[in-house]
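entry.pdb, holding PDB, N, CA and C atoms:
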MODEL        1
ATOM      1  N   MET A   1       0.821  -1.197   0.000
ATOM      2  CA  MET A   1       0.000   0.000   0.000
ATOM      3  C   MET A   1       0.865   1.260   0.000
ATOM      4  N   ALA A   2       2.044   1.167   0.623
ATOM      5  CA  ALA A   2       2.924   2.334   0.711
ATOM      6  C   ALA A   2       3.358   2.818  -0.667
ATOM      7  N   TRP A   3       3.594   1.888  -1.582
ATOM      8  CA  TRP A   3       4.010   2.295  -2.927
ATOM      9  C   TRP A   3       2.856   2.944  -3.682
ATOM     10  N   ILE A   4       1.636   2.544  -3.394
ATOM     11  CA  ILE A   4       0.467   3.208  -3.997
ATOM     12  C   ILE A   4       0.365   4.630  -3.462
ATOM     13  N   TYR A   5       0.567   4.802  -2.151
ATOM     14  CA  TYR A   5       0.582   6.148  -1.578
ATOM     15  C   TYR A   5       1.665   7.001  -2.224
ATOM     16  N   LEU A   6       2.818   6.406  -2.450
ATOM     17  CA  LEU A   6       3.915   7.150  -3.044
ATOM     18  C   LEU A   6       3.605   7.536  -4.485
ATOM     19  N   LEU A   7       2.990   6.639  -5.230
ATOM     20  CA  LEU A   7       2.574   6.969  -6.596
ATOM     21  C   LEU A   7       1.564   8.112  -6.585
ATOM     22  N   LEU A   8       0.589   8.050  -5.690
ATOM     23  CA  LEU A   8      -0.396   9.128  -5.577
ATOM     24  C   LEU A   8       0.270  10.446  -5.191
ATOM     25  N   ALA A   9       1.238  10.377  -4.280
ATOM     26  CA  ALA A   9       1.969  11.581  -3.878
ATOM     27  C   ALA A   9       2.689  12.192  -5.074
ATOM     28  N   GLY A  10       3.325  11.349  -5.866
ATOM     29  CA  GLY A  10       4.035  11.833  -7.050
ATOM     30  C   GLY A  10       3.106  12.435  -8.085
ATOM     31  N   LEU A  11       1.954  11.810  -8.280
ATOM     32  CA  LEU A  11       0.983  12.349  -9.242
ATOM     33  C   LEU A  11       0.432  13.685  -8.757
ATOM     34  N   CYS A  12       0.179  13.793  -7.464
ATOM     35  CA  CYS A  12      -0.280  15.077  -6.910
ATOM     36  C   CYS A  12       0.802  16.140  -7.038
ATOM     37  N   GLU A  13       2.049  15.717  -6.999
ATOM     38  CA  GLU A  13       3.170  16.650  -7.117
ATOM     39  C   GLU A  13       3.170  17.351  -8.474
ATOM     40  N   ILE A  14       2.570  16.735  -9.468
ATOM     41  CA  ILE A  14       2.466  17.344 -10.794
ATOM     42  C   ILE A  14       1.450  18.489 -10.787
ATOM     43  N   GLY A  15       0.471  18.408  -9.913
ATOM     44  CA  GLY A  15      -0.639  19.365  -9.920
ATOM     45  C   GLY A  15      -0.274  20.777  -9.548
ATOM     46  N   TRP A  16       0.699  20.950  -8.640
ATOM     47  CA  TRP A  16       0.955  22.327  -8.225
ATOM     48  C   TRP A  16       1.717  23.139  -9.265
ATOM     49  N   PRO A  17       2.739  22.618  -9.963
ATOM     50  CA  PRO A  17       3.314  23.450 -11.021
ATOM     51  C   PRO A  17       2.339  23.660 -12.178
ATOM     52  N   LEU A  18       1.483  22.666 -12.414
ATOM     53  CA  LEU A  18       0.459  22.828 -13.444
ATOM     54  C   LEU A  18      -0.490  23.965 -13.071
ATOM     55  N   GLY A  19      -0.952  23.979 -11.824
ATOM     56  CA  GLY A  19      -1.841  25.048 -11.378
ATOM     57  C   GLY A  19      -1.203  26.414 -11.508
ATOM     58  N   LEU A  20       0.067  26.511 -11.112
ATOM     59  CA  LEU A  20       0.750  27.802 -11.213
ATOM     60  C   LEU A  20       0.952  28.227 -12.664
ATOM     61  N   LYS A  21       1.262  27.285 -13.535
ATOM     62  CA  LYS A  21       1.451  27.599 -14.956
ATOM     63  C   LYS A  21       0.139  28.029 -15.608
ATOM     64  N   MET A  22      -0.956  27.393 -15.207
ATOM     65  CA  MET A  22      -2.262  27.715 -15.802
ATOM     66  C   MET A  22      -2.689  29.148 -15.502
ATOM     67  N   ILE A  23      -2.208  29.721 -14.413
ATOM     68  CA  ILE A  23      -2.536  31.115 -14.101
ATOM     69  C   ILE A  23      -2.075  32.026 -15.239
ATOM     70  N   GLU A  24      -0.950  31.693 -15.837
ATOM     71  CA  GLU A  24      -0.415  32.470 -16.956
ATOM     72  C   GLU A  24      -1.352  32.413 -18.167
ATOM     73  N   TYR A  25      -1.995  31.276 -18.388
ATOM     74  CA  TYR A  25      -2.839  31.079 -19.561
ATOM     75  C   TYR A  25      -4.288  31.496 -19.333
ATOM     76  N   ALA A  26      -4.720  31.481 -18.105
ATOM     77  CA  ALA A  26      -6.111  31.848 -17.801
ATOM     78  C   ALA A  26      -6.152  32.667 -16.515
ATOM     79  N   PRO A  27      -5.616  33.894 -16.561
ATOM     80  CA  PRO A  27      -5.545  34.692 -15.330
ATOM     81  C   PRO A  27      -6.912  35.009 -14.725
ATOM     82  N   GLN A  28      -7.960  34.973 -15.540
ATOM     83  CA  GLN A  28      -9.300  35.227 -15.016
ATOM     84  C   GLN A  28      -9.764  34.122 -14.068
ATOM     85  N   HIS A  29      -9.107  32.966 -14.124
ATOM     86  CA  HIS A  29      -9.431  31.836 -13.244
ATOM     87  C   HIS A  29      -8.297  31.560 -12.255
ATOM     88  N   LYS A  30      -7.532  32.589 -11.927
ATOM     89  CA  LYS A  30      -6.331  32.358 -11.139
ATOM     90  C   LYS A  30      -6.616  31.735  -9.781
ATOM     91  N   TYR A  31      -7.743  32.055  -9.174
ATOM     92  CA  TYR A  31      -8.037  31.494  -7.856
ATOM     93  C   TYR A  31      -8.345  29.996  -7.932
ATOM     94  N   VAL A  32      -8.919  29.574  -9.033
ATOM     95  CA  VAL A  32      -9.154  28.139  -9.240
ATOM     96  C   VAL A  32      -7.816  27.412  -9.346
ATOM     97  N   TYR A  33      -6.901  27.995 -10.084
ATOM     98  CA  TYR A  33      -5.609  27.348 -10.279
ATOM     99  C   TYR A  33      -4.718  27.440  -9.045
ATOM    100  N   ILE A  34      -4.855  28.521  -8.282
ATOM    101  CA  ILE A  34      -4.146  28.589  -7.008
ATOM    102  C   ILE A  34      -4.674  27.499  -6.078
ATOM    103  N   ALA A  35      -5.988  27.307  -6.078
ATOM    104  CA  ALA A  35      -6.586  26.250  -5.259
ATOM    105  C   ALA A  35      -6.080  24.875  -5.702
ATOM    106  N   LEU A  36      -5.986  24.652  -7.016
ATOM    107  CA  LEU A  36      -5.438  23.391  -7.527
ATOM    108  C   LEU A  36      -4.028  23.183  -6.996
ATOM    109  N   ALA A  37      -3.211  24.230  -7.049
ATOM    110  CA  ALA A  37      -1.829  24.123  -6.570
ATOM    111  C   ALA A  37      -1.789  23.820  -5.079
ATOM    112  N   VAL A  38      -2.584  24.522  -4.290
ATOM    113  CA  VAL A  38      -2.576  24.326  -2.837
ATOM    114  C   VAL A  38      -3.068  22.928  -2.464
ATOM    115  N   PHE A  39      -4.152  22.488  -3.078
ATOM    116  CA  PHE A  39      -4.661  21.153  -2.780
ATOM    117  C   PHE A  39      -3.678  20.073  -3.242
ATOM    118  N   SER A  40      -3.050  20.301  -4.370
ATOM    119  CA  SER A  40      -2.067  19.328  -4.857
ATOM    120  C   SER A  40      -0.896  19.204  -3.893
ATOM    121  N   ILE A  41      -0.415  20.339  -3.400
ATOM    122  CA  ILE A  41       0.688  20.313  -2.438
ATOM    123  C   ILE A  41       0.258  19.579  -1.168
ATOM    124  N   ALA A  42      -0.939  19.891  -0.686
ATOM    125  CA  ALA A  42      -1.417  19.273   0.556
ATOM    126  C   ALA A  42      -1.567  17.759   0.408
ATOM    127  N   PHE A  43      -2.209  17.314  -0.663
ATOM    128  CA  PHE A  43      -2.406  15.877  -0.854
ATOM    129  C   PHE A  43      -1.081  15.177  -1.144
ATOM    130  N   SER A  44      -0.212  15.836  -1.897
ATOM    131  CA  SER A  44       1.096  15.257  -2.171
ATOM    132  C   SER A  44       1.856  15.026  -0.871
ATOM    133  N   GLY A  45       1.846  16.022  -0.003
ATOM    134  CA  GLY A  45       2.523  15.887   1.288
ATOM    135  C   GLY A  45       1.906  14.805   2.153
ATOM    136  N   TYR A  46       0.587  14.734   2.161
ATOM    137  CA  TYR A  46      -0.089  13.709   2.962
ATOM    138  C   TYR A  46       0.264  12.303   2.481
ATOM    139  N   PHE A  47       0.177  12.092   1.173
ATOM    140  CA  PHE A  47       0.481  10.761   0.653
ATOM    141  C   PHE A  47       1.955  10.409   0.837
ATOM    142  N   LEU A  48       2.843  11.402   0.740
ATOM    143  CA  LEU A  48       4.260  11.142   1.013
ATOM    144  C   LEU A  48       4.442  10.727   2.470
ATOM    145  N   TYR A  49       3.761  11.416   3.363
ATOM    146  CA  TYR A  49       3.807  11.063   4.785
ATOM    147  C   TYR A  49       3.359   9.616   4.998
ATOM    148  N   MET A  50       2.258   9.234   4.354
ATOM    149  CA  MET A  50       1.747   7.869   4.504
ATOM    150  C   MET A  50       2.743   6.843   3.945
ATOM    151  N   ALA A  51       3.361   7.175   2.810
ATOM    152  CA  ALA A  51       4.315   6.246   2.198
ATOM    153  C   ALA A  51       5.549   6.066   3.071
ATOM    154  N   GLN A  52       5.979   7.148   3.727
ATOM    155  CA  GLN A  52       7.197   7.078   4.527
ATOM    156  C   GLN A  52       7.031   6.290   5.815
ATOM    157  N   LYS A  53       5.835   5.888   6.119
ATOM    158  CA  LYS A  53       5.657   5.017   7.276
ATOM    159  C   LYS A  53       6.307   3.656   7.035
ATOM    160  N   THR A  54       6.425   3.274   5.767
ATOM    161  CA  THR A  54       6.995   1.972   5.412
ATOM    162  C   THR A  54       8.257   2.096   4.566
ATOM    163  N   ILE A  55       8.238   3.011   3.622
ATOM    164  CA  ILE A  55       9.360   3.172   2.690
ATOM    165  C   ILE A  55      10.396   4.108   3.323
ATOM    166  N   PRO A  56      11.683   3.775   3.218
ATOM    167  CA  PRO A  56      12.704   4.661   3.772
ATOM    168  C   PRO A  56      12.587   6.090   3.218
ATOM    169  N   MET A  57      12.859   7.060   4.066
ATOM    170  CA  MET A  57      12.667   8.461   3.709
ATOM    171  C   MET A  57      13.405   8.850   2.425
ATOM    172  N   GLY A  58      14.670   8.498   2.311
ATOM    173  CA  GLY A  58      15.448   8.878   1.134
ATOM    174  C   GLY A  58      14.891   8.289  -0.148
ATOM    175  N   THR A  59      14.481   7.043  -0.092
ATOM    176  CA  THR A  59      13.883   6.386  -1.256
ATOM    177  C   THR A  59      12.556   7.042  -1.607
ATOM    178  N   ALA A  60      11.721   7.246  -0.609
ATOM    179  CA  ALA A  60      10.406   7.849  -0.851
ATOM    180  C   ALA A  60      10.550   9.241  -1.447
ATOM    181  N   TYR A  61      11.445  10.032  -0.890
ATOM    182  CA  TYR A  61      11.612  11.398  -1.380
ATOM    183  C   TYR A  61      12.122  11.410  -2.818
ATOM    184  N   ALA A  62      13.106  10.573  -3.119
ATOM    185  CA  ALA A  62      13.665  10.534  -4.471
ATOM    186  C   ALA A  62      12.631  10.068  -5.492
ATOM    187  N   VAL A  63      11.854   9.048  -5.150
ATOM    188  CA  VAL A  63      10.818   8.563  -6.066
ATOM    189  C   VAL A  63       9.734   9.619  -6.236
ATOM    190  N   TRP A  64       9.325  10.238  -5.149
ATOM    191  CA  TRP A  64       8.296  11.289  -5.171
ATOM    192  C   TRP A  64       8.701  12.437  -6.092
ATOM    193  N   THR A  65       9.914  12.937  -5.907
ATOM    194  CA  THR A  65      10.356  14.045  -6.749
ATOM    195  C   THR A  65      10.563  13.593  -8.194
ATOM    196  N   GLY A  66      10.990  12.348  -8.370
ATOM    197  CA  GLY A  66      11.168  11.827  -9.728
ATOM    198  C   GLY A  66       9.853  11.751 -10.485
ATOM    199  N   ILE A  67       8.821  11.231  -9.830
ATOM    200  CA  ILE A  67       7.506  11.161 -10.475
ATOM    201  C   ILE A  67       7.017  12.570 -10.805
ATOM    202  N   GLY A  68       7.187  13.490  -9.864
ATOM    203  CA  GLY A  68       6.762  14.866 -10.103
ATOM    204  C   GLY A  68       7.529  15.519 -11.232
ATOM    205  N   ALA A  69       8.840  15.315 -11.256
ATOM    206  CA  ALA A  69       9.675  15.927 -12.291
ATOM    207  C   ALA A  69       9.353  15.379 -13.678
ATOM    208  N   VAL A  70       9.263  14.064 -13.788
ATOM    209  CA  VAL A  70       8.956  13.455 -15.085
ATOM    210  C   VAL A  70       7.533  13.817 -15.517
ATOM    211  N   GLY A  71       6.610  13.797 -14.570
ATOM    212  CA  GLY A  71       5.231  14.159 -14.892
ATOM    213  C   GLY A  71       5.114  15.596 -15.359
ATOM    214  N   ALA A  72       5.788  16.509 -14.674
ATOM    215  CA  ALA A  72       5.761  17.916 -15.088
ATOM    216  C   ALA A  72       6.420  18.086 -16.449
ATOM    217  N   PHE A  73       7.470  17.334 -16.701
ATOM    218  CA  PHE A  73       8.140  17.352 -18.002
ATOM    219  C   PHE A  73       7.173  16.946 -19.118
ATOM    220  N   VAL A  74       6.470  15.847 -18.908
ATOM    221  CA  VAL A  74       5.532  15.341 -19.918
ATOM    222  C   VAL A  74       4.351  16.310 -20.107
ATOM    223  N   VAL A  75       3.807  16.807 -19.009
ATOM    224  CA  VAL A  75       2.687  17.757 -19.090
ATOM    225  C   VAL A  75       3.134  19.028 -19.817
ATOM    226  N   GLY A  76       4.348  19.485 -19.533
ATOM    227  CA  GLY A  76       4.868  20.672 -20.215
ATOM    228  C   GLY A  76       4.961  20.476 -21.715
ATOM    229  N   ILE A  77       5.386  19.312 -22.129
ATOM    230  CA  ILE A  77       5.487  19.026 -23.562
ATOM    231  C   ILE A  77       4.100  18.943 -24.191
ATOM    232  N   ILE A  78       3.184  18.226 -23.540
ATOM    233  CA  ILE A  78       1.853  18.010 -24.115
ATOM    234  C   ILE A  78       1.014  19.279 -24.108
ATOM    235  N   LEU A  79       0.972  19.969 -22.975
ATOM    236  CA  LEU A  79       0.065  21.112 -22.866
ATOM    237  C   LEU A  79       0.664  22.457 -23.251
ATOM    238  N   PHE A  80       1.975  22.607 -23.046
ATOM    239  CA  PHE A  80       2.571  23.931 -23.213
ATOM    240  C   PHE A  80       3.637  23.985 -24.299
ATOM    241  N   LYS A  81       3.760  22.910 -25.061
ATOM    242  CA  LYS A  81       4.699  22.852 -26.183
ATOM    243  C   LYS A  81       6.140  23.123 -25.763
ATOM    244  N   ASP A  82       6.512  22.649 -24.559
ATOM    245  CA  ASP A  82       7.906  22.749 -24.137
ATOM    246  C   ASP A  82       8.776  21.988 -25.129
ATOM    247  N   SER A  83      10.043  22.378 -25.226
ATOM    248  CA  SER A  83      10.924  21.750 -26.218
ATOM    249  C   SER A  83      11.158  20.273 -25.883
ATOM    250  N   LEU A  84      11.378  19.522 -26.916
ATOM    251  CA  LEU A  84      11.596  18.076 -26.785
ATOM    252  C   LEU A  84      12.920  17.734 -27.462
ATOM    253  N   SER A  85      14.014  18.183 -26.872
ATOM    254  CA  SER A  85      15.330  17.913 -27.434
ATOM    255  C   SER A  85      15.826  16.543 -26.973
ATOM    256  N   LEU A  86      16.794  16.042 -27.684
ATOM    257  CA  LEU A  86      17.385  14.749 -27.346
ATOM    258  C   LEU A  86      18.012  14.791 -25.954
ATOM    259  N   MET A  87      18.665  15.873 -25.601
ATOM    260  CA  MET A  87      19.295  15.986 -24.287
ATOM    261  C   MET A  87      18.252  15.994 -23.172
ATOM    262  N   ARG A  88      17.130  16.658 -23.374
ATOM    263  CA  ARG A  88      16.070  16.668 -22.361
ATOM    264  C   ARG A  88      15.483  15.268 -22.179
ATOM    265  N   VAL A  89      15.242  14.574 -23.275
ATOM    266  CA  VAL A  89      14.699  13.211 -23.193
ATOM    267  C   VAL A  89      15.708  12.285 -22.511
ATOM    268  N   PHE A  90      16.969  12.399 -22.849
ATOM    269  CA  PHE A  90      18.009  11.592 -22.226
ATOM    270  C   PHE A  90      18.058  11.858 -20.718
ATOM    271  N   SER A  91      17.985  13.115 -20.339
ATOM    272  CA  SER A  91      18.050  13.478 -18.922
ATOM    273  C   SER A  91      16.858  12.936 -18.145
ATOM    274  N   VAL A  92      15.672  13.019 -18.714
ATOM    275  CA  VAL A  92      14.482  12.484 -18.050
ATOM    276  C   VAL A  92      14.560  10.964 -17.984
ATOM    277  N   THR A  93      15.134  10.354 -18.989
ATOM    278  CA  THR A  93      15.321   8.899 -18.966
ATOM    279  C   THR A  93      16.213   8.491 -17.798
ATOM    280  N   LEU A  94      17.227   9.279 -17.518
ATOM    281  CA  LEU A  94      18.088   8.994 -16.364
ATOM    282  C   LEU A  94      17.313   9.083 -15.055
ATOM    283  N   ILE A  95      16.408  10.053 -14.954
ATOM    284  CA  ILE A  95      15.568  10.165 -13.754
ATOM    285  C   ILE A  95      14.704   8.916 -13.608
ATOM    286  N   ILE A  96      14.088   8.497 -14.706
ATOM    287  CA  ILE A  96      13.225   7.311 -14.682
ATOM    288  C   ILE A  96      14.028   6.080 -14.276
ATOM    289  N   LEU A  97      15.217   5.919 -14.838
ATOM    290  CA  LEU A  97      16.057   4.770 -14.478
ATOM    291  C   LEU A  97      16.454   4.808 -13.005
ATOM    292  N   GLY A  98      16.713   6.003 -12.489
ATOM    293  CA  GLY A  98      17.020   6.142 -11.073
ATOM    294  C   GLY A  98      15.857   5.737 -10.183
ATOM    295  N   VAL A  99      14.652   6.149 -10.556
ATOM    296  CA  VAL A  99      13.458   5.794  -9.782
ATOM    297  C   VAL A  99      13.240   4.283  -9.822
ATOM    298  N   ILE A 100      13.400   3.682 -10.984
ATOM    299  CA  ILE A 100      13.259   2.229 -11.105
ATOM    300  C   ILE A 100      14.301   1.522 -10.232
ATOM    301  N   GLY A 101      15.528   2.023 -10.263
ATOM    302  CA  GLY A 101      16.583   1.441  -9.449
ATOM    303  C   GLY A 101      16.274   1.515  -7.960
ATOM    304  N   LEU A 102      15.702   2.646  -7.524
ATOM    305  CA  LEU A 102      15.339   2.770  -6.117
ATOM    306  C   LEU A 102      14.240   1.804  -5.737
ATOM    307  N   LYS A 103      13.277   1.610  -6.639
ATOM    308  CA  LYS A 103      12.192   0.674  -6.362
ATOM    309  C   LYS A 103      12.718  -0.754  -6.284
ATOM    310  N   LEU A 104      13.579  -1.112  -7.214
ATOM    311  CA  LEU A 104      14.126  -2.471  -7.227
ATOM    312  C   LEU A 104      15.047  -2.731  -6.039
ATOM    313  N   GLY A 105      15.698  -1.679  -5.555
ATOM    314  CA  GLY A 105      16.634  -1.844  -4.448
ATOM    315  C   GLY A 105      16.001  -1.816  -3.079
ATOM    316  N   SER A 106      14.700  -1.560  -3.022
ATOM    317  CA  SER A 106      14.082  -1.477  -1.686
ATOM    318  C   SER A 106      13.325  -2.746  -1.320
TER     319      SER A 106
ENDMDL
END
Render the structure in this file as structure tokens.
Amino acid sequence: MAWIYLLLAGLCEIGWPLGLKMIEYAPQHKYVYIALAVFSIAFSGYFLYMAQKTIPMGTAYAVWTGIGAVGAFVVGIILFKDSLSLMRVFSVTLIILGVIGLKLGS
């Protein structure tokens, strides 16, 4: 169950930069997007707390930030047309491999 909590924490971690970025695109709805960011941070922290009851802190934190970083990377490309260079893809691949390694090593 702890790994499910950690996955949920990582997915929620994507929500707060998304909420902050959306303010730029729809400033008339800024309070909705601020609320998305705040709730995402709160739920992300809660699920990380739940995951750390079983998963070592360093592993949980690294996986949590990895899911958030890769998720924000993908969302940026899909929704905001962020650049998709070979170096960026290679770098994100290293993050993914690191997260997989942490999961396999625990």
Check the smallest atom-to-atom distance from each of A:Leu48, A:Leu104, A:Pro27, A:Ser40 to Trp64 of chain A using all atoms listed in the file, then report the winner.
-> A:Leu48
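Once Ile55 of chain A and its same-chain neighbours fewer than 5 positions away are set aside, Ala2, Trp3, Ala60 and Ser106 of chain A remain within 8 Å of it when counting only C-alpha atoms.
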Quick one: residues within 8 Å of Leu8 of chain A, only C-alpha atoms counted, chain neighbours fewer than 4 positions away excluded, as a JSON list (two decimals) with N, CA and C atoms, in the coordinates of the input?
[["chain", "number", "residue", "atom", "x", "y", "z"],
["A", 4, "ILE", "N", 1.64, 2.54, -3.39],
["A", 4, "ILE", "CA", 0.47, 3.21, -4.00],
["A", 4, "ILE", "C", 0.36, 4.63, -3.46],
["A", 12, "CYS", "N", 0.18, 13.79, -7.46],
["A", 12, "CYS", "CA", -0.28, 15.08, -6.91],
["A", 12, "CYS", "C", 0.80, 16.14, -7.04],
["A", 44, "SER", "N", -0.21, 15.84, -1.90],
["A", 44, "SER", "CA", 1.10, 15.26, -2.17],
["A", 44, "SER", "C", 1.86, 15.03, -0.87],
["A", 47, "PHE", "N", 0.18, 12.09, 1.17],
["A", 47, "PHE", "CA", 0.48, 10.76, 0.65],
["A", 47, "PHE", "C", 1.96, 10.41, 0.84]]
With only N, CA and C atoms as the atoms that count, which of A:Gly66, A:Ala72, A:Leu79, A:Met57 lies nearest to Pro17 of chain A?
-> A:Ala72
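Distance check against Glu24 of chain A using only C-alpha atoms: of A:Met1, A:Val70, A:Ile100, A:Phe80, the minimum falls on A:Phe80.
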In Å to one decimal, how far is atom N of Gly15 of chain A from atom CA of Val99 of chain A?
-> 18.1 Å
Translate the PyMOL selection byres (((chain A and resi 20-22 and name CA) around 12) and name CA), as applied to the file shown, into an explicit residue set as a PyMOL selection string.
-> chain A and resi 14-19+23-38+40-41+72+75-76+79-80
Which is closer to Tyr46 of chain A than all the others in A:Leu6, A:Ile96, A:Val89, A:Leu102, using only C-alpha atoms?
-> A:Leu6
Tell me, in Å to one decimal, how far atom N of Gly68 of chain A is from atom C of Glu13 of chain A.
-> 5.7 Å
Among segment 27-100 of chain A, which ones does DSSP place in alpha helix (DSSP H), written as a ChimeraX atom specification?
-> /A:30-51,57-80,86-100
